file run-v5.json (JSON, N, CA and C atoms)
[["chain", "number", "residue", "atom", "x", "y", "z"],
["I", 1, "MET", "N", 22.65, 12.63, 10.04],
["I", 1, "MET", "CA", 21.66, 12.66, 8.98],
["I", 1, "MET", "C", 20.36, 13.21, 9.54],
["I", 2, "SER", "N", 19.69, 12.48, 10.37],
["I", 2, "SER", "CA", 18.54, 12.94, 11.16],
["I", 2, "SER", "C", 17.47, 13.64, 10.34],
["I", 3, "GLN", "N", 17.07, 13.07, 9.22],
["I", 3, "GLN", "CA", 15.99, 13.61, 8.41],
["I", 3, "GLN", "C", 14.74, 12.75, 8.59],
["I", 4, "LYS", "N", 13.61, 13.33, 8.23],
["I", 4, "LYS", "CA", 12.37, 12.57, 8.27],
["I", 4, "LYS", "C", 12.21, 11.82, 6.95],
["I", 5, "ILE", "N", 11.97, 10.54, 7.05],
["I", 5, "ILE", "CA", 11.73, 9.70, 5.87],
["I", 5, "ILE", "C", 10.28, 9.26, 5.91],
["I", 6, "ARG", "N", 9.58, 9.46, 4.81],
["I", 6, "ARG", "CA", 8.17, 9.05, 4.71],
["I", 6, "ARG", "C", 8.05, 7.94, 3.67],
["I", 7, "ILE", "N", 7.46, 6.83, 4.09],
["I", 7, "ILE", "CA", 7.29, 5.68, 3.21],
["I", 7, "ILE", "C", 5.79, 5.45, 3.01],
["I", 8, "LYS", "N", 5.38, 5.39, 1.74],
["I", 8, "LYS", "CA", 3.98, 5.10, 1.39],
["I", 8, "LYS", "C", 3.92, 3.73, 0.75],
["I", 9, "LEU", "N", 3.08, 2.87, 1.29],
["I", 9, "LEU", "CA", 2.88, 1.54, 0.72],
["I", 9, "LEU", "C", 1.50, 1.47, 0.09],
["I", 10, "LYS", "N", 1.41, 0.82, -1.06],
["I", 10, "LYS", "CA", 0.13, 0.72, -1.76],
["I", 10, "LYS", "C", 0.02, -0.66, -2.39],
["I", 11, "SER", "N", -1.15, -1.29, -2.23],
["I", 11, "SER", "CA", -1.36, -2.61, -2.80],
["I", 11, "SER", "C", -2.85, -2.88, -2.95],
["I", 12, "TYR", "N", -3.17, -3.90, -3.74],
["I", 12, "TYR", "CA", -4.56, -4.33, -3.89],
["I", 12, "TYR", "C", -4.93, -5.41, -2.88],
["I", 13, "ASP", "N", -3.95, -5.90, -2.12],
["I", 13, "ASP", "CA", -4.17, -6.93, -1.11],
["I", 13, "ASP", "C", -3.76, -6.37, 0.26],
["I", 14, "TYR", "N", -4.70, -6.31, 1.19],
["I", 14, "TYR", "CA", -4.40, -5.71, 2.49],
["I", 14, "TYR", "C", -3.43, -6.54, 3.31],
["I", 15, "ASN", "N", -3.39, -7.86, 3.10],
["I", 15, "ASN", "CA", -2.44, -8.70, 3.82],
["I", 15, "ASN", "C", -1.00, -8.36, 3.45],
["I", 16, "LEU", "N", -0.77, -8.13, 2.16],
["I", 16, "LEU", "CA", 0.59, -7.79, 1.71],
["I", 16, "LEU", "C", 1.03, -6.45, 2.28],
["I", 17, "VAL", "N", 0.12, -5.48, 2.32],
["I", 17, "VAL", "CA", 0.47, -4.15, 2.84],
["I", 17, "VAL", "C", 0.80, -4.23, 4.33],
["I", 18, "ASP", "N", -0.02, -4.95, 5.08],
["I", 18, "ASP", "CA", 0.22, -5.05, 6.52],
["I", 18, "ASP", "C", 1.51, -5.79, 6.84],
["I", 19, "LYS", "N", 1.79, -6.87, 6.12],
["I", 19, "LYS", "CA", 3.03, -7.62, 6.36],
["I", 19, "LYS", "C", 4.26, -6.80, 5.99],
["I", 20, "SER", "N", 4.16, -6.05, 4.89],
["I", 20, "SER", "CA", 5.29, -5.22, 4.46],
["I", 20, "SER", "C", 5.53, -4.10, 5.46],
["I", 21, "ALA", "N", 4.46, -3.47, 5.94],
["I", 21, "ALA", "CA", 4.60, -2.40, 6.93],
["I", 21, "ALA", "C", 5.22, -2.93, 8.21],
["I", 22, "GLU", "N", 4.80, -4.11, 8.64],
["I", 22, "GLU", "CA", 5.35, -4.72, 9.85],
["I", 22, "GLU", "C", 6.84, -5.02, 9.68],
["I", 23, "LYS", "N", 7.22, -5.48, 8.50],
["I", 23, "LYS", "CA", 8.62, -5.80, 8.21],
["I", 23, "LYS", "C", 9.48, -4.52, 8.24],
["I", 24, "ILE", "N", 8.96, -3.45, 7.65],
["I", 24, "ILE", "CA", 9.69, -2.17, 7.63],
["I", 24, "ILE", "C", 9.87, -1.63, 9.04],
["I", 25, "VAL", "N", 8.79, -1.65, 9.83],
["I", 25, "VAL", "CA", 8.85, -1.13, 11.20],
["I", 25, "VAL", "C", 9.84, -1.93, 12.04],
["I", 26, "LYS", "N", 9.85, -3.24, 11.86],
["I", 26, "LYS", "CA", 10.75, -4.10, 12.63],
["I", 26, "LYS", "C", 12.22, -3.80, 12.30],
["I", 27, "THR", "N", 12.55, -3.63, 11.00],
["I", 27, "THR", "CA", 13.93, -3.37, 10.63],
["I", 27, "THR", "C", 14.39, -1.98, 11.05],
["I", 28, "VAL", "N", 13.49, -1.01, 10.97],
["I", 28, "VAL", "CA", 13.86, 0.36, 11.35],
["I", 28, "VAL", "C", 14.06, 0.47, 12.86],
["I", 29, "LYS", "N", 13.20, -0.19, 13.63],
["I", 29, "LYS", "CA", 13.37, -0.16, 15.09],
["I", 29, "LYS", "C", 14.65, -0.87, 15.51],
["I", 30, "ALA", "N", 15.07, -1.87, 14.74],
["I", 30, "ALA", "CA", 16.32, -2.58, 15.06],
["I", 30, "ALA", "C", 17.54, -1.68, 14.88],
["I", 31, "THR", "N", 17.44, -0.68, 14.00],
["I", 31, "THR", "CA", 18.57, 0.24, 13.79],
["I", 31, "THR", "C", 18.57, 1.38, 14.80],
["I", 32, "GLY", "N", 17.50, 1.52, 15.57],
["I", 32, "GLY", "CA", 17.47, 2.54, 16.61],
["I", 32, "GLY", "C", 16.75, 3.82, 16.24],
["I", 33, "ALA", "N", 16.08, 3.88, 15.11],
["I", 33, "ALA", "CA", 15.34, 5.08, 14.71],
["I", 33, "ALA", "C", 13.94, 5.06, 15.32],
["I", 34, "VAL", "N", 13.30, 6.23, 15.34],
["I", 34, "VAL", "CA", 11.95, 6.37, 15.88],
["I", 34, "VAL", "C", 10.96, 6.23, 14.73],
["I", 35, "VAL", "N", 9.94, 5.38, 14.92],
["I", 35, "VAL", "CA", 8.96, 5.11, 13.86],
["I", 35, "VAL", "C", 7.58, 5.57, 14.29],
["I", 36, "SER", "N", 6.88, 6.25, 13.38],
["I", 36, "SER", "CA", 5.49, 6.62, 13.59],
["I", 36, "SER", "C", 4.66, 5.90, 12.54],
["I", 37, "GLY", "N", 3.81, 5.01, 12.98],
["I", 37, "GLY", "CA", 2.97, 4.31, 12.01],
["I", 37, "GLY", "C", 3.06, 2.82, 12.22],
["I", 38, "PRO", "N", 2.52, 2.04, 11.34],
["I", 38, "PRO", "CA", 1.89, 2.37, 10.07],
["I", 38, "PRO", "C", 0.50, 3.00, 10.24],
["I", 39, "ILE", "N", 0.26, 4.07, 9.52],
["I", 39, "ILE", "CA", -1.01, 4.78, 9.58],
["I", 39, "ILE", "C", -1.84, 4.34, 8.38],
["I", 40, "PRO", "N", -3.02, 3.77, 8.59],
["I", 40, "PRO", "CA", -3.85, 3.36, 7.45],
["I", 40, "PRO", "C", -4.51, 4.58, 6.80],
["I", 41, "LEU", "N", -4.31, 4.73, 5.51],
["I", 41, "LEU", "CA", -4.95, 5.80, 4.75],
["I", 41, "LEU", "C", -6.28, 5.27, 4.20],
["I", 42, "PRO", "N", -7.17, 6.14, 3.77],
["I", 42, "PRO", "CA", -8.48, 5.68, 3.28],
["I", 42, "PRO", "C", -8.35, 4.69, 2.12],
["I", 43, "THR", "N", -9.22, 3.70, 2.14],
["I", 43, "THR", "CA", -9.25, 2.68, 1.09],
["I", 43, "THR", "C", -9.96, 3.25, -0.12],
["I", 44, "HIS", "N", -9.33, 3.09, -1.28],
["I", 44, "HIS", "CA", -9.93, 3.58, -2.52],
["I", 44, "HIS", "C", -10.67, 2.43, -3.18],
["I", 45, "LYS", "N", -11.96, 2.65, -3.48],
["I", 45, "LYS", "CA", -12.79, 1.60, -4.05],
["I", 45, "LYS", "C", -13.25, 2.01, -5.45],
["I", 46, "ARG", "N", -12.94, 1.19, -6.44],
["I", 46, "ARG", "CA", -13.37, 1.46, -7.81],
["I", 46, "ARG", "C", -14.36, 0.38, -8.21],
["I", 47, "ILE", "N", -15.49, 0.80, -8.78],
["I", 47, "ILE", "CA", -16.53, -0.13, -9.20],
["I", 47, "ILE", "C", -16.65, -0.06, -10.72],
["I", 48, "PHE", "N", -16.60, -1.22, -11.36],
["I", 48, "PHE", "CA", -16.75, -1.31, -12.81],
["I", 48, "PHE", "C", -18.05, -2.04, -13.12],
["I", 49, "THR", "N", -18.87, -1.46, -14.00],
["I", 49, "THR", "CA", -20.10, -2.11, -14.43],
["I", 49, "THR", "C", -19.94, -2.53, -15.88],
["I", 50, "VAL", "N", -20.23, -3.81, -16.16],
["I", 50, "VAL", "CA", -20.02, -4.37, -17.49],
["I", 50, "VAL", "C", -21.30, -5.07, -17.92],
["I", 51, "ASN", "N", -21.65, -4.92, -19.20],
["I", 51, "ASN", "CA", -22.78, -5.68, -19.74],
["I", 51, "ASN", "C", -22.43, -7.15, -19.79],
["I", 52, "ARG", "N", -23.38, -8.01, -19.40],
["I", 52, "ARG", "CA", -23.12, -9.44, -19.42],
["I", 52, "ARG", "C", -23.12, -9.99, -20.84],
["I", 53, "SER", "N", -23.99, -9.47, -21.66],
["I", 53, "SER", "CA", -24.01, -9.93, -23.04],
["I", 53, "SER", "C", -23.55, -8.80, -23.96],
["I", 54, "THR", "N", -23.09, -9.15, -25.12],
["I", 54, "THR", "CA", -22.51, -8.14, -26.00],
["I", 54, "THR", "C", -23.54, -7.37, -26.81],
["I", 55, "PHE", "N", -24.65, -8.00, -27.16],
["I", 55, "PHE", "CA", -25.54, -7.37, -28.13],
["I", 55, "PHE", "C", -26.94, -7.09, -27.57],
["I", 56, "VAL", "N", -27.51, -8.03, -26.85],
["I", 56, "VAL", "CA", -28.87, -7.87, -26.33],
["I", 56, "VAL", "C", -28.84, -7.86, -24.81],
["I", 57, "ASN", "N", -29.99, -7.72, -24.19],
["I", 57, "ASN", "CA", -30.15, -7.73, -22.72],
["I", 57, "ASN", "C", -29.33, -6.63, -22.06],
["I", 58, "LYS", "N", -29.70, -5.39, -22.37],
["I", 58, "LYS", "CA", -29.01, -4.22, -21.81],
["I", 58, "LYS", "C", -29.14, -4.17, -20.29],
["I", 59, "LYS", "N", -30.24, -4.67, -19.76],
["I", 59, "LYS", "CA", -30.47, -4.58, -18.31],
["I", 59, "LYS", "C", -29.66, -5.62, -17.52],
["I", 60, "SER", "N", -29.14, -6.60, -18.18],
["I", 60, "SER", "CA", -28.36, -7.63, -17.51],
["I", 60, "SER", "C", -26.91, -7.17, -17.42],
["I", 61, "ARG", "N", -26.48, -6.77, -16.23],
["I", 61, "ARG", "CA", -25.13, -6.24, -16.03],
["I", 61, "ARG", "C", -24.43, -6.94, -14.87],
["I", 62, "GLU", "N", -23.13, -6.78, -14.84],
["I", 62, "GLU", "CA", -22.32, -7.37, -13.79],
["I", 62, "GLU", "C", -21.40, -6.29, -13.24],
["I", 63, "GLN", "N", -21.18, -6.30, -11.91],
["I", 63, "GLN", "CA", -20.32, -5.29, -11.30],
["I", 63, "GLN", "C", -19.11, -5.94, -10.64],
["I", 64, "PHE", "N", -17.96, -5.25, -10.81],
["I", 64, "PHE", "CA", -16.71, -5.70, -10.19],
["I", 64, "PHE", "C", -16.17, -4.58, -9.33],
["I", 65, "GLN", "N", -15.50, -4.94, -8.24],
["I", 65, "GLN", "CA", -14.92, -3.95, -7.34],
["I", 65, "GLN", "C", -13.42, -4.17, -7.25],
["I", 66, "LEU", "N", -12.68, -3.05, -7.18],
["I", 66, "LEU", "CA", -11.23, -3.10, -7.04],
["I", 66, "LEU", "C", -10.85, -2.16, -5.91],
["I", 67, "TYR", "N", -10.31, -2.72, -4.82],
["I", 67, "TYR", "CA", -9.91, -1.93, -3.66],
["I", 67, "TYR", "C", -8.40, -1.71, -3.70],
["I", 68, "SER", "N", -7.96, -0.52, -3.33],
["I", 68, "SER", "CA", -6.53, -0.29, -3.15],
["I", 68, "SER", "C", -6.30, 0.20, -1.72],
["I", 69, "TYR", "N", -5.38, -0.46, -1.03],
["I", 69, "TYR", "CA", -5.09, -0.19, 0.38],
["I", 69, "TYR", "C", -3.77, 0.55, 0.48],
["I", 70, "LYS", "N", -3.70, 1.53, 1.39],
["I", 70, "LYS", "CA", -2.49, 2.33, 1.55],
["I", 70, "LYS", "C", -2.11, 2.42, 3.02],
["I", 71, "ARG", "N", -0.80, 2.46, 3.27],
["I", 71, "ARG", "CA", -0.26, 2.67, 4.62],
["I", 71, "ARG", "C", 0.83, 3.73, 4.54],
["I", 72, "LEU", "N", 0.98, 4.48, 5.63],
["I", 72, "LEU", "CA", 1.97, 5.54, 5.70],
["I", 72, "LEU", "C", 2.86, 5.30, 6.91],
["I", 73, "ILE", "N", 4.17, 5.37, 6.72],
["I", 73, "ILE", "CA", 5.13, 5.17, 7.80],
["I", 73, "ILE", "C", 6.10, 6.35, 7.80],
["I", 74, "ASP", "N", 6.25, 7.01, 8.95],
["I", 74, "ASP", "CA", 7.21, 8.10, 9.11],
["I", 74, "ASP", "C", 8.36, 7.61, 9.98],
["I", 75, "ILE", "N", 9.59, 7.92, 9.56],
["I", 75, "ILE", "CA", 10.79, 7.54, 10.30],
["I", 75, "ILE", "C", 11.53, 8.81, 10.69],
["I", 76, "TYR", "N", 11.74, 8.98, 12.01],
["I", 76, "TYR", "CA", 12.43, 10.15, 12.53],
["I", 76, "TYR", "C", 13.80, 9.73, 13.07],
["I", 77, "SER", "N", 14.70, 10.67, 13.16],
["I", 77, "SER", "CA", 16.06, 10.48, 13.66],
["I", 77, "SER", "C", 16.74, 9.26, 13.02],
["I", 78, "SER", "N", 16.71, 9.25, 11.70],
["I", 78, "SER", "CA", 17.31, 8.13, 10.98],
["I", 78, "SER", "C", 18.82, 8.35, 10.81],
["I", 79, "THR", "N", 19.53, 7.25, 10.67],
["I", 79, "THR", "CA", 20.98, 7.30, 10.46],
["I", 79, "THR", "C", 21.29, 6.62, 9.11],
["I", 80, "ALA", "N", 22.55, 6.59, 8.77],
["I", 80, "ALA", "CA", 22.96, 5.91, 7.54],
["I", 80, "ALA", "C", 22.69, 4.41, 7.64],
["I", 81, "LYS", "N", 22.78, 3.89, 8.84],
["I", 81, "LYS", "CA", 22.49, 2.47, 9.06],
["I", 81, "LYS", "C", 21.02, 2.15, 8.77],
["I", 82, "THR", "N", 20.13, 3.09, 9.12],
["I", 82, "THR", "CA", 18.69, 2.90, 8.86],
["I", 82, "THR", "C", 18.42, 2.88, 7.36],
["I", 83, "VAL", "N", 19.01, 3.82, 6.63],
["I", 83, "VAL", "CA", 18.80, 3.88, 5.18],
["I", 83, "VAL", "C", 19.36, 2.63, 4.50],
["I", 84, "GLU", "N", 20.51, 2.17, 4.97],
["I", 84, "GLU", "CA", 21.12, 0.97, 4.40],
["I", 84, "GLU", "C", 20.24, -0.26, 4.65],
["I", 85, "ALA", "N", 19.65, -0.34, 5.85],
["I", 85, "ALA", "CA", 18.77, -1.47, 6.17],
["I", 85, "ALA", "C", 17.51, -1.43, 5.30],
["I", 86, "LEU", "N", 17.00, -0.23, 5.02],
["I", 86, "LEU", "CA", 15.81, -0.11, 4.17],
["I", 86, "LEU", "C", 16.11, -0.50, 2.72],
["I", 87, "MET", "N", 17.31, -0.18, 2.26],
["I", 87, "MET", "CA", 17.68, -0.53, 0.88],
["I", 87, "MET", "C", 17.82, -2.04, 0.70],
["I", 88, "LYS", "N", 18.29, -2.73, 1.72],
["I", 88, "LYS", "CA", 18.50, -4.18, 1.63],
["I", 88, "LYS", "C", 17.21, -4.98, 1.83],
["I", 89, "LEU", "N", 16.15, -4.31, 2.28],
["I", 89, "LEU", "CA", 14.90, -4.99, 2.61],
["I", 89, "LEU", "C", 14.19, -5.46, 1.34],
["I", 90, "GLU", "N", 13.75, -6.70, 1.33],
["I", 90, "GLU", "CA", 13.01, -7.25, 0.20],
["I", 90, "GLU", "C", 11.53, -7.35, 0.56],
["I", 91, "LEU", "N", 10.69, -6.70, -0.25],
["I", 91, "LEU", "CA", 9.25, -6.70, -0.03],
["I", 91, "LEU", "C", 8.56, -7.52, -1.12],
["I", 92, "PRO", "N", 7.32, -7.98, -0.87],
["I", 92, "PRO", "CA", 6.60, -8.75, -1.89],
["I", 92, "PRO", "C", 6.38, -7.94, -3.16],
["I", 93, "SER", "N", 6.19, -8.64, -4.27],
["I", 93, "SER", "CA", 6.10, -7.98, -5.57],
["I", 93, "SER", "C", 4.79, -7.23, -5.77],
["I", 94, "GLY", "N", 3.76, -7.50, -4.98],
["I", 94, "GLY", "CA", 2.48, -6.83, -5.16],
["I", 94, "GLY", "C", 2.35, -5.52, -4.42],
["I", 95, "VAL", "N", 3.44, -5.04, -3.81],
["I", 95, "VAL", "CA", 3.39, -3.82, -3.00],
["I", 95, "VAL", "C", 4.18, -2.72, -3.70],
["I", 96, "GLY", "N", 3.52, -1.55, -3.86],
["I", 96, "GLY", "CA", 4.20, -0.39, -4.40],
["I", 96, "GLY", "C", 4.76, 0.45, -3.26],
["I", 97, "VAL", "N", 6.03, 0.83, -3.36],
["I", 97, "VAL", "CA", 6.70, 1.58, -2.29],
["I", 97, "VAL", "C", 7.14, 2.93, -2.84],
["I", 98, "GLU", "N", 6.79, 3.98, -2.10],
["I", 98, "GLU", "CA", 7.22, 5.34, -2.47],
["I", 98, "GLU", "C", 7.91, 5.94, -1.26],
["I", 99, "ILE", "N", 9.17, 6.35, -1.43],
["I", 99, "ILE", "CA", 9.97, 6.88, -0.33],
["I", 99, "ILE", "C", 10.29, 8.33, -0.60],
["I", 100, "LYS", "N", 10.00, 9.20, 0.41],
["I", 100, "LYS", "CA", 10.34, 10.62, 0.31],
["I", 100, "LYS", "C", 11.22, 10.98, 1.48],
["I", 101, "VAL", "N", 12.27, 11.75, 1.21],
["I", 101, "VAL", "CA", 13.20, 12.17, 2.27],
["I", 101, "VAL", "C", 12.97, 13.63, 2.57]]
call {"tool": "encode", "arguments": {"input": "run-v5.json", "output": "structure tokens"}}
result
Amino acid sequence: MSQKIRIKLKSYDYNLVDKSAEKIVKTVKATGAVVSGPIPLPTHKRIFTVNRSTFVNKKSREQFQLYSYKRLIDIYSSTAKTVEALMKLELPSGVGVEIKV
């Protein structure tokens, strides 16, 4: 097989992303493939500004922040055993996984 597999992890909680990346790296190394990563990608920060009151006091506002954390993992010299181990892996529900072959 020996193709490069790229896994992108995305979540709003950095603990979940780091634990998931560690779990993936551990299972892939157990199958004998070469792993590059996890590489932290830039954190995306979104700021929302909302009026505190609905009708009056325009100057009274509140701000909320939403961070999204991303990690990148590259797998080289993978075998069918590596792909099978990745398919059986269970990750937390708050993590988005994107796999490219």
call {"tool": "closest_residue", "arguments": {"input": "run-v5.json", "among": "I:Lys81, I:Lys100, I:Lys23, I:Arg52", "to": "Pro38 of chain I", "atoms": "only C-alpha atoms"}}
result
I:Lys23
call {"tool": "closest_residue", "arguments": {"input": "run-v5.json", "among": "I:Lys70, I:Pro40, I:Leu9, I:Lys45", "to": "Glu98 of chain I", "atoms": "all atoms listed in the file"}}
result
I:Leu9
call {"tool": "residues_around", "arguments": {"input": "run-v5.json", "residues": "His44 of chain I", "least_positions_apart": "3", "cutoff": "7 Å", "atoms": "all atoms listed in the file", "output": "list of chain:residue names"}}
result
I:Leu41, I:Leu66, I:Tyr67, I:Ser68, I:Tyr69, I:Lys70
call {"tool": "select_by_dssp", "arguments": {"input": "run-v5.json", "residues": "segment 61-92 of chain I", "states": "helix (DSSP H, G or I)", "output": "number ranges by chain"}}
result
I: 80-88
call {"tool": "atom_distance", "arguments": {"input": "run-v5.json", "atom1": "atom CA of Ala85 of chain I", "atom2": "atom N of Gly37 of chain I"}}
result
17.7 Å
call {"tool": "closest_residue", "arguments": {"input": "run-v5.json", "among": "I:Ser11, I:Val50, I:Ser20, I:Ser36", "to": "Ile75 of chain I", "atoms": "only N, CA and C atoms"}}
result
I:Ser36
call {"tool": "closest_residue", "arguments": {"input": "run-v5.json", "among": "I:Ile73, I:Ala21, I:Leu16, I:Ile5", "to": "Gly94 of chain I", "atoms": "all atoms listed in the file"}}
result
I:Leu16
call {"tool": "atom_distance", "arguments": {"input": "run-v5.json", "atom1": "atom CA of Lys10 of chain I", "atom2": "atom N of Glu90 of chain I"}}
result
15.8 Å
call {"tool": "residues_around", "arguments": {"input": "run-v5.json", "residues": "segment 57-64 of chain I", "least_positions_apart": "4", "cutoff": "8 Å", "atoms": "only N, CA and C atoms", "output": "mmCIF file with N, CA and C atoms, keeping the file's coordinate frame"}}
result
data_model
loop_
_atom_site.group_PDB
_atom_site.id
_atom_site.type_symbol
_atom_site.label_atom_id
_atom_site.label_comp_id
_atom_site.auth_asym_id
_atom_site.auth_seq_id
_atom_site.Cartn_x
_atom_site.Cartn_y
_atom_site.Cartn_z
ATOM 1 N N ARG I 46 -12.940 1.190 -6.440
ATOM 2 C CA ARG I 46 -13.370 1.460 -7.810
ATOM 3 C C ARG I 46 -14.360 0.380 -8.210
ATOM 4 N N ILE I 47 -15.490 0.800 -8.780
ATOM 5 C CA ILE I 47 -16.530 -0.130 -9.200
ATOM 6 C C ILE I 47 -16.650 -0.060 -10.720
ATOM 7 N N PHE I 48 -16.600 -1.220 -11.360
ATOM 8 C CA PHE I 48 -16.750 -1.310 -12.810
ATOM 9 C C PHE I 48 -18.050 -2.040 -13.120
ATOM 10 N N THR I 49 -18.870 -1.460 -14.000
ATOM 11 C CA THR I 49 -20.100 -2.110 -14.430
ATOM 12 C C THR I 49 -19.940 -2.530 -15.880
ATOM 13 N N VAL I 50 -20.230 -3.810 -16.160
ATOM 14 C CA VAL I 50 -20.020 -4.370 -17.490
ATOM 15 C C VAL I 50 -21.300 -5.070 -17.920
ATOM 16 N N ASN I 51 -21.650 -4.920 -19.200
ATOM 17 C CA ASN I 51 -22.780 -5.680 -19.740
ATOM 18 C C ASN I 51 -22.430 -7.150 -19.790
ATOM 19 N N ARG I 52 -23.380 -8.010 -19.400
ATOM 20 C CA ARG I 52 -23.120 -9.440 -19.420
ATOM 21 C C ARG I 52 -23.120 -9.990 -20.840
ATOM 22 N N SER I 53 -23.990 -9.470 -21.660
ATOM 23 C CA SER I 53 -24.010 -9.930 -23.040
ATOM 24 C C SER I 53 -23.550 -8.800 -23.960
#
call {"tool": "select_by_dssp", "arguments": {"input": "run-v5.json", "residues": "segment 27-96 of chain I", "states": "strand (DSSP E)", "output": "ChimeraX atom specification"}}
result
/I:34-51,61-76,96
call {"tool": "atom_distance", "arguments": {"input": "run-v5.json", "atom1": "atom N of Val28 of chain I", "atom2": "atom CA of Leu86 of chain I"}}
result
7.2 Å
call {"tool": "closest_residue", "arguments": {"input": "run-v5.json", "among": "I:Gly32, I:Asp18, I:Thr79, I:Ile39", "to": "Pro92 of chain I", "atoms": "only C-alpha atoms"}}
result
I:Asp18
call {"tool": "closest_residue", "arguments": {"input": "run-v5.json", "among": "I:Ser93, I:Arg71, I:Thr82, I:Lys88", "to": "Lys8 of chain I", "atoms": "only N, CA and C atoms"}}
result
I:Arg71
call {"tool": "build_atoms", "arguments": {"input": "run-v5.json", "residues": "segment 79-85 of chain I", "atoms": "all heavy atoms", "output": "short mmCIF file (atom, residue, chain, number, x, y, z; two decimals), in the frame of the given file"}}
result
data_model
loop_
_atom_site.label_atom_id
_atom_site.label_comp_id
_atom_site.auth_asym_id
_atom_site.auth_seq_id
_atom_site.Cartn_x
_atom_site.Cartn_y
_atom_site.Cartn_z
N THR I 79 19.53 7.25 10.67
CA THR I 79 20.98 7.30 10.46
C THR I 79 21.29 6.62 9.11
O THR I 79 20.39 6.14 8.43
CB THR I 79 21.71 6.56 11.58
OG1 THR I 79 21.28 5.19 11.58
CG2 THR I 79 21.43 7.18 12.93
N ALA I 80 22.55 6.59 8.77
CA ALA I 80 22.96 5.91 7.54
C ALA I 80 22.69 4.41 7.64
O ALA I 80 22.37 3.76 6.64
CB ALA I 80 24.44 6.16 7.28
N LYS I 81 22.78 3.89 8.84
CA LYS I 81 22.49 2.47 9.06
C LYS I 81 21.02 2.15 8.77
O LYS I 81 20.70 1.10 8.22
CB LYS I 81 22.84 2.12 10.51
CG LYS I 81 22.80 0.67 10.84
CD LYS I 81 23.23 0.45 12.29
CE LYS I 81 23.17 -1.02 12.65
NZ LYS I 81 23.48 -1.24 14.06
N THR I 82 20.13 3.09 9.12
CA THR I 82 18.69 2.90 8.86
C THR I 82 18.42 2.88 7.36
O THR I 82 17.69 2.01 6.86
CB THR I 82 17.89 4.05 9.51
OG1 THR I 82 18.23 4.14 10.88
CG2 THR I 82 16.41 3.82 9.36
N VAL I 83 19.01 3.82 6.63
CA VAL I 83 18.80 3.88 5.18
C VAL I 83 19.36 2.63 4.50
O VAL I 83 18.75 2.07 3.59
CB VAL I 83 19.46 5.16 4.60
CG1 VAL I 83 19.36 5.18 3.10
CG2 VAL I 83 18.81 6.40 5.20
N GLU I 84 20.51 2.17 4.97
CA GLU I 84 21.12 0.97 4.40
C GLU I 84 20.24 -0.26 4.65
O GLU I 84 20.08 -1.11 3.77
CB GLU I 84 22.50 0.77 5.02
CG GLU I 84 23.29 -0.34 4.39
CD GLU I 84 24.68 -0.45 5.00
OE1 GLU I 84 25.29 0.60 5.27
OE2 GLU I 84 25.13 -1.59 5.20
N ALA I 85 19.65 -0.34 5.85
CA ALA I 85 18.77 -1.47 6.17
C ALA I 85 17.51 -1.43 5.30
O ALA I 85 17.01 -2.48 4.88
CB ALA I 85 18.41 -1.44 7.64
#
